[in-house]
Each structure stands twice: as C-alpha cells, then as structure tokens.
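*Asks:* The following block contains the structure, expressed as structure tokens.
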Amino acid sequence: MTVAADDVREHLRGVAVGLLTPFDDEGRIIHEDIRENADTLSSAGIETFLATANISEYHSLSQDERVAVAETSVDALPDDACVLAGVGGSTANAIELIERYDEIGVDAMMIMPPDHTYIHERGLLEYYRKLDAATETPLVPYVRGFEPSVEYLGDLTRIDGVVGIKYALPDPIKLGAGVAAGADDVVWVDGLAEPYAVSFWAEGVEGFSAGVSNFRPEVGLALFDALSSGDWERARELRNACLPYQQFREETGQDNAISGAISVSAVKKALELAGLNGGNVREPIQPLSDADERRAEALYQQLDDDLERLLE
C-alpha cells in the first residue's frame, strides 16, 4: 500500500472526532462554524476527523453539500490532520462522490453502512470492490445496522484499498472473531465511542470514534492514553464519566418511540455548552425539547465536574 495508506492507518490508531454540520434557522449550512470547531478540536490535540459522517447528518445533505462540507473541513485543518469523508448510496452515486472528494483532497473514504432494505454479503463485498477500483484513496467501511458473518468481516479486510474497519455492533465476541479472521494490516476502530472502548480494546481495536469527545476532546485523548498504556482502572474511570451523557443520547426524546433520536441534537447542545458551535438540525432529526435541554445542561455539568477531578 502507499505511504498515504500507512498514514491513514496510523491516524486511525487514535481518537476520531466527528465534525457536526451546524445549520442556521433556515436550514443553511454555517461553514464558518465548521471551520471554528475544526480549528478548536485540532488545537486540543485531535488529529483524525470524520466529515459528512452519521453524526454530521450525512443523510440530510445533498451531494453538493457533502462535497462542500468536506472541502471546508479539509481547508480548515492542518496538513498533518486526517479527514475521512462519508460515502454512501448507490454504486454510481458513491463513485461520483468519491471522485469529487478526491478532487478536494480528503485522506480516506468512510463507506457508510448500507441503507438498502435487502442486502447480501457477497453483494456488499462487490460494492466495496467497485468503490475501491474508482480511487487510490484508502477506504474505511463502517459496519453498522446489520449482523454480518465473521467470514464477511474477514473478507472485507482483504479488499485491497481497505485500511480500517469502523465496527459499530454491540458484540465484542464477533469483533474478536473478525479481528482474528481479518488481514493483519487493517486497523479496527470502535465505532460505538467511549462506552465500548475498554471492552473493544481487549478484542483488538486500536482506536475509537468520539461520543463525548466530540465536545470534550480531552477525555478521549486521556482515555486513549490509558488504554495504550494498559492502565485499565483509569480507562474505566474515564469511560464511566462519559456514560451518563452517552446514555442520554440513546433516549427517544419527546413524542417519539425510536431510541437514539436525540443523539445528534444532544451533541449539538453539548457543543454549545462547551463553547463550540452546534447550530440547528435538519429533519428527520428534531431539536431537543425544553425538558431535554435542561437534562442536557445538568448532565454536562456532571461531566464537567467529573472531568475536573479526573484530569486535574
């Protein structure tokens, strides 16, 4: 593989923070807010960024908007940062997006979870091979929302351009089996954020995507250091500090029965509380209710108190 691929692998061995997409009251993207967030997080020590990801409201963005958000992210960050941009949809649309991302210089393509109602493991592998053939840029498939076989996970790692797997299934046993079945040069990343970092690390992940660390990056960096040094007690303490806000993100919100519906809105609220830019959301996501805003403020204060104790 290329030097660029090795560089992406190294960046995946860390904390990958999502760059959320702030919208104004008319639903327009506030690019300056993305730039400010990226600059602040980079200055805090974050080196790996997910642009146009699930938490960036990928599915609420047009193709042109995805490219514009990714370009803003690339331009805002230093040359040694790594930007992964979300890619999904039909083969033709995904290849079009890849080609446009290549023009603006993203470092890797994060291939979004399949959104087709009917999927086949061999068909998914063919999809990834066609995307790989369209670019020299490394691929990082995002495994979420379906129950793949261990054989599939192993085969996925052996597609030439795949340098990492973002694993977001709450199943550490399958993760361990997938790591054992996979290629040795592929980096496995915990896609379920801080709550799973400790257990997934024991199964072979070497990095994790941010939850609370999207707005308090210091906790993710400290957690990564604890895991890297084998300080399991400290790692559990840092993980536990993140749990209340992460569990809040999994709730349904008001007048709704679907779990996780407030996840993005909760992070945007926390960004504002942390002095960063959250902005509005687009449908089908809804803003927090007044009651949930108050809960977010209380939970953020609890997190702040815990981190002051743990990071002093």
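Scheme for the structure tokens: letters A, B, ... for chains in order shown; per-chain residue numbers from 1; ligand numbers from 1 in order shown.
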Please list as number ranges by chain every residue within 8 Å of range 91-99 of chain A, counting only C-alpha atoms and excluding residues in the same chain fewer than 3 positions away.
*Replies:* A: 63, 67, 87-88, 102-103, 109, 127, 130-131, 134-135
*Asks:* May I have the residues from that selection written out with N, CA, C and O atoms, as a PDB file, in the first residue's frame?
*Replies:*
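Just written: selection.pdb:
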ATOM      1  N   GLN A  63     -25.591  15.848  -2.388  1.00  0.00           N
ATOM      2  CA  GLN A  63     -24.232  15.530  -2.840  1.00  0.00           C
ATOM      3  C   GLN A  63     -23.353  16.779  -2.835  1.00  0.00           C
ATOM      4  O   GLN A  63     -22.212  16.748  -2.366  1.00  0.00           O
ATOM      5  N   VAL A  67     -19.880  17.506  -0.471  1.00  0.00           N
ATOM      6  CA  VAL A  67     -18.584  17.933  -1.001  1.00  0.00           C
ATOM      7  C   VAL A  67     -18.166  19.253  -0.369  1.00  0.00           C
ATOM      8  O   VAL A  67     -17.005  19.431   0.033  1.00  0.00           O
ATOM      9  N   VAL A  87     -19.200   8.307   2.493  1.00  0.00           N
ATOM     10  CA  VAL A  87     -19.627   7.931   1.145  1.00  0.00           C
ATOM     11  C   VAL A  87     -20.712   6.872   1.268  1.00  0.00           C
ATOM     12  O   VAL A  87     -20.558   5.912   2.026  1.00  0.00           O
ATOM     13  N   GLY A  88     -21.797   7.014   0.510  1.00  0.00           N
ATOM     14  CA  GLY A  88     -22.847   6.001   0.556  1.00  0.00           C
ATOM     15  C   GLY A  88     -23.781   6.087  -0.627  1.00  0.00           C
ATOM     16  O   GLY A  88     -23.554   6.839  -1.571  1.00  0.00           O
ATOM     17  N   ASP A 102     -11.968  13.158  -4.067  1.00  0.00           N
ATOM     18  CA  ASP A 102     -10.564  13.073  -4.473  1.00  0.00           C
ATOM     19  C   ASP A 102     -10.067  14.422  -5.009  1.00  0.00           C
ATOM     20  O   ASP A 102      -8.901  14.791  -4.813  1.00  0.00           O
ATOM     21  N   GLU A 103     -10.934  15.160  -5.652  1.00  0.00           N
ATOM     22  CA  GLU A 103     -10.538  16.462  -6.196  1.00  0.00           C
ATOM     23  C   GLU A 103     -10.199  17.466  -5.095  1.00  0.00           C
ATOM     24  O   GLU A 103      -9.377  18.362  -5.306  1.00  0.00           O
ATOM     25  N   MET A 109     -11.912   7.518   2.531  1.00  0.00           N
ATOM     26  CA  MET A 109     -13.355   7.424   2.336  1.00  0.00           C
ATOM     27  C   MET A 109     -13.943   6.508   3.399  1.00  0.00           C
ATOM     28  O   MET A 109     -13.558   5.337   3.497  1.00  0.00           O
ATOM     29  N   TYR A 127     -19.780  -4.336  -3.984  1.00  0.00           N
ATOM     30  CA  TYR A 127     -19.952  -2.885  -3.890  1.00  0.00           C
ATOM     31  C   TYR A 127     -18.652  -2.223  -3.449  1.00  0.00           C
ATOM     32  O   TYR A 127     -18.163  -1.270  -4.079  1.00  0.00           O
ATOM     33  N   LYS A 130     -15.956  -2.297  -6.167  1.00  0.00           N
ATOM     34  CA  LYS A 130     -16.163  -1.306  -7.227  1.00  0.00           C
ATOM     35  C   LYS A 130     -15.773   0.092  -6.747  1.00  0.00           C
ATOM     36  O   LYS A 130     -15.201   0.882  -7.508  1.00  0.00           O
ATOM     37  N   LEU A 131     -16.059   0.407  -5.486  1.00  0.00           N
ATOM     38  CA  LEU A 131     -15.644   1.700  -4.955  1.00  0.00           C
ATOM     39  C   LEU A 131     -14.124   1.769  -4.856  1.00  0.00           C
ATOM     40  O   LEU A 131     -13.512   2.804  -5.155  1.00  0.00           O
ATOM     41  N   ALA A 134     -12.410   2.654  -8.030  1.00  0.00           N
ATOM     42  CA  ALA A 134     -12.631   4.022  -8.501  1.00  0.00           C
ATOM     43  C   ALA A 134     -11.648   5.029  -7.925  1.00  0.00           C
ATOM     44  O   ALA A 134     -11.662   6.195  -8.316  1.00  0.00           O
ATOM     45  N   THR A 135     -10.780   4.605  -6.987  1.00  0.00           N
ATOM     46  CA  THR A 135      -9.918   5.569  -6.305  1.00  0.00           C
ATOM     47  C   THR A 135      -8.648   4.908  -5.789  1.00  0.00           C
ATOM     48  O   THR A 135      -8.624   3.690  -5.542  1.00  0.00           O
TER      49      THR A 135
END
*Asks:* Run DSSP on the backbone and give me the residues of range 74-307 of chain A it puts in helix (DSSP H, G or I), as a ChimeraX atom specification.
*Replies:* /A:74-76,91-104,121-133,150-157,172-181,194-203,212-214,217-229,232-249,263-273,290-307
*Asks:* For a test of reading the model, state the distance in Å between CA of Leu169 in chain A and CA of Glu218 in chain A, rounded to one decimal.
*Replies:*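 Atom-to-atom, CA of Leu169 in chain A to CA of Glu218 in chain A, that is 25.1 Å.
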*Asks:* Find the residue from A:Glu272, A:Glu147, A:Val15, A:Glu250 that sits nearest to Leu175 in chain A; use only C-alpha atoms when measuring.
*Replies:* A:Glu147
*Asks:* So that I can check the surroundings of Lys174 in chain A, please list as an NGL selection string every protein, DNA and RNA residue that reaches within 9 Å of it, counting only C-alpha atoms and ignoring chain neighbours fewer than 5 positions away.
*Replies:* :A and (149-150 or 169 or 179)
*Asks:* Could the residues in this selection be written to a file with N, CA and C atoms, as a tab-separated table (two decimals), in the first residue's frame?
*Replies:*
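Printed below is out-v3.tsv as written:
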chain	number	residue	atom	x	y	z
A	149	SER	N	-21.63	-12.00	9.00
A	149	SER	CA	-20.90	-13.18	9.45
A	149	SER	C	-19.45	-12.81	9.70
A	150	VAL	N	-18.76	-13.65	10.46
A	150	VAL	CA	-17.33	-13.46	10.68
A	150	VAL	C	-16.57	-13.62	9.37
A	169	LEU	N	-21.03	-2.53	16.14
A	169	LEU	CA	-22.01	-3.52	16.58
A	169	LEU	C	-21.74	-3.81	18.06
A	179	VAL	N	-11.51	-9.75	14.02
A	179	VAL	CA	-10.11	-9.34	14.06
A	179	VAL	C	-9.21	-10.54	13.77
